[in-house]
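Colleague: My questions will all concern the structure given below.
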Amino acid sequence: MTTRTPLRLVSGIPVVGYFADNWENVQRFQAGEGDLVIDTYPKSGTTWISEIVDLILHNGDTKKCQRGAIFERVPFLEFAVPNMPFGTEILNTREPPRLVKSHLPVQLLPDSFWEKNCKVIYVARNPKDVLVSYYHFYHMAVVHPDPGTFEEFLQNFIKGQVSFGSWGDHVKDWWKMRQQRDILYLFYEDMKEDPKREIRKVMKFLGKDLSEDILEKIHQSTTFKAMKENHMANYSTIPSTVMDHTISPFMRKGTPGDWKSYFTVAQNELFDEYYKKEMAGTDLTFHF
């Protein structure tokens, strides 16, 4: 039985207590030729981009992408909870090239990924929507500590005292790294605004030249509605001891700007100050 446990620090970054127990295996993980990493700060479109990538690599064959739940098709490297296979265990049973999901900040990604020159797709999302989504996720993903009130969670988020640490550091460090490595950096809001344009970018990055028909099929299969109804994408098959969908569905709204329903005027002003400070000295910008 999983219970809410306190976050634990790993190399100065807070993570889910259960994940910290398996950290040595995460850091020692051996990447292989052609492995592809999908990395995001939590609640930034990870499952969405994972489904898009899996469909592109299978040439839009939706049947092949029903071969397992998304967390089986794209194993989560640092995932470790009782009575479920750990991410490192699943990945170690597979031959490269593999799809690997991670929420690790750039400095914690195992060295072997850089040694093997693995490609990385990174997705960033505006922090107000991330915060609201993460707050709901903390409630339903019961391996996290209790999130407290929205105000308490907002304060913890600003201080970087949530799982995977500071949002600002995460997005900025990966933004910098894209100049040195083979990284495709995408924005959640761009994916919402023009999904096909962004899917084309991913296809190009993966060296795939697919027809307009297949592109349209991938687009239709990865709309929020389609994925919310797809049992292999919506996390409904994960044990309720890990994610309790009766508290909140894993796929809740997926709409940019949902933060406006939650932030008070005072919270918004406080958060704008935080954002301004975080983004000072970088050319990285977000749409709200």
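In the structure tokens, chains take the letters A, B, ... in the order shown, each chain's residues start at 1, and ligands count up from 1 in the order shown.
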Once you count only C-alpha atoms, what closest atom pair and distance in Å to one decimal does each residue of region 168-202 of chain A within 10 Å of region 256-273 of chain A have, with rows by chain and rising residue number, as JSON lines?
Modeller:
{"residue": "A:Tyr188", "atom": "CA", "partner": "A:Pro256", "partner_atom": "CA", "distance": 8.5}
{"residue": "A:Glu189", "atom": "CA", "partner": "A:Pro256", "partner_atom": "CA", "distance": 6.8}
{"residue": "A:Lys192", "atom": "CA", "partner": "A:Pro256", "partner_atom": "CA", "distance": 8.0}
{"residue": "A:Glu193", "atom": "CA", "partner": "A:Pro256", "partner_atom": "CA", "distance": 9.7}
Colleague: Within 7 Å of region 21-32 of chain A, counting only C-alpha atoms, which residues qualify if same-chain residues fewer than 4 places away don't, as a PyMOL selection string?
Modeller: chain A and resi 17+77-78+80+88+96-97+110+112-113+116
Colleague: Write out as a PyMOL selection string each polymer residue whose atoms come within 9 Å of Phe286 (chain A), counting only C-alpha atoms; drop sequence neighbours fewer than 4 positions from it.
Modeller: chain A and resi 124-127+187+189
Colleague: Can you work out which one of A:Lys225, A:Lys196, A:Arg67, A:Lys43 has the shortest atom-to-atom distance to Glu212 (chain A), counting only C-alpha atoms?
Modeller: A:Lys196
Colleague: Can you list every residue in region 57-248 of chain A that DSSP puts in strand (DSSP E), as a list in words?
Modeller: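 Selection result, strand (DSSP E) within region 57-248 of chain A: Leu99, Val100, Lys101, Ser102, Lys119, Val120, Ile121, Tyr122, Val123, Ala124, Ile183, Leu184, Tyr185, Leu186 and Phe187 of chain A.
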Colleague: Go ahead and write the selection's residues with N, CA and C atoms as a PDB file, in the first residue's frame.
Modeller:
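Written file, out_4.pdb:
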ATOM      1  N   LEU A  99      12.244   4.670 -25.903  1.00  0.00           N
ATOM      2  CA  LEU A  99      11.675   5.963 -25.510  1.00  0.00           C
ATOM      3  C   LEU A  99      11.751   6.046 -23.998  1.00  0.00           C
ATOM      4  N   VAL A 100      12.235   7.158 -23.487  1.00  0.00           N
ATOM      5  CA  VAL A 100      12.431   7.325 -22.051  1.00  0.00           C
ATOM      6  C   VAL A 100      11.774   8.626 -21.611  1.00  0.00           C
ATOM      7  N   LYS A 101      10.876   8.546 -20.640  1.00  0.00           N
ATOM      8  CA  LYS A 101      10.264   9.756 -20.072  1.00  0.00           C
ATOM      9  C   LYS A 101      11.033  10.151 -18.812  1.00  0.00           C
ATOM     10  N   SER A 102      11.189  11.451 -18.606  1.00  0.00           N
ATOM     11  CA  SER A 102      11.837  11.914 -17.383  1.00  0.00           C
ATOM     12  C   SER A 102      11.363  13.318 -17.029  1.00  0.00           C
ATOM     13  N   LYS A 119      19.049  12.103 -28.381  1.00  0.00           N
ATOM     14  CA  LYS A 119      18.177  13.254 -28.651  1.00  0.00           C
ATOM     15  C   LYS A 119      17.229  13.454 -27.464  1.00  0.00           C
ATOM     16  N   VAL A 120      16.863  14.712 -27.239  1.00  0.00           N
ATOM     17  CA  VAL A 120      15.919  15.038 -26.165  1.00  0.00           C
ATOM     18  C   VAL A 120      14.828  15.940 -26.737  1.00  0.00           C
ATOM     19  N   ILE A 121      13.575  15.610 -26.426  1.00  0.00           N
ATOM     20  CA  ILE A 121      12.466  16.532 -26.706  1.00  0.00           C
ATOM     21  C   ILE A 121      12.023  17.097 -25.359  1.00  0.00           C
ATOM     22  N   TYR A 122      12.061  18.413 -25.243  1.00  0.00           N
ATOM     23  CA  TYR A 122      11.683  19.074 -23.995  1.00  0.00           C
ATOM     24  C   TYR A 122      10.437  19.922 -24.243  1.00  0.00           C
ATOM     25  N   VAL A 123       9.467  19.827 -23.346  1.00  0.00           N
ATOM     26  CA  VAL A 123       8.265  20.667 -23.460  1.00  0.00           C
ATOM     27  C   VAL A 123       8.151  21.537 -22.209  1.00  0.00           C
ATOM     28  N   ALA A 124       7.944  22.836 -22.423  1.00  0.00           N
ATOM     29  CA  ALA A 124       7.764  23.786 -21.324  1.00  0.00           C
ATOM     30  C   ALA A 124       6.367  24.391 -21.414  1.00  0.00           C
ATOM     31  N   ILE A 183      18.611  18.944 -28.926  1.00  0.00           N
ATOM     32  CA  ILE A 183      17.385  19.096 -28.130  1.00  0.00           C
ATOM     33  C   ILE A 183      16.342  19.878 -28.923  1.00  0.00           C
ATOM     34  N   LEU A 184      15.138  19.320 -28.999  1.00  0.00           N
ATOM     35  CA  LEU A 184      14.002  20.049 -29.575  1.00  0.00           C
ATOM     36  C   LEU A 184      13.206  20.618 -28.399  1.00  0.00           C
ATOM     37  N   TYR A 185      13.134  21.940 -28.315  1.00  0.00           N
ATOM     38  CA  TYR A 185      12.464  22.613 -27.192  1.00  0.00           C
ATOM     39  C   TYR A 185      11.119  23.132 -27.681  1.00  0.00           C
ATOM     40  N   LEU A 186      10.053  22.596 -27.118  1.00  0.00           N
ATOM     41  CA  LEU A 186       8.698  22.962 -27.540  1.00  0.00           C
ATOM     42  C   LEU A 186       7.948  23.646 -26.402  1.00  0.00           C
ATOM     43  N   PHE A 187       6.868  24.342 -26.772  1.00  0.00           N
ATOM     44  CA  PHE A 187       6.025  25.005 -25.780  1.00  0.00           C
ATOM     45  C   PHE A 187       4.603  24.456 -25.861  1.00  0.00           C
TER      46      PHE A 187
END
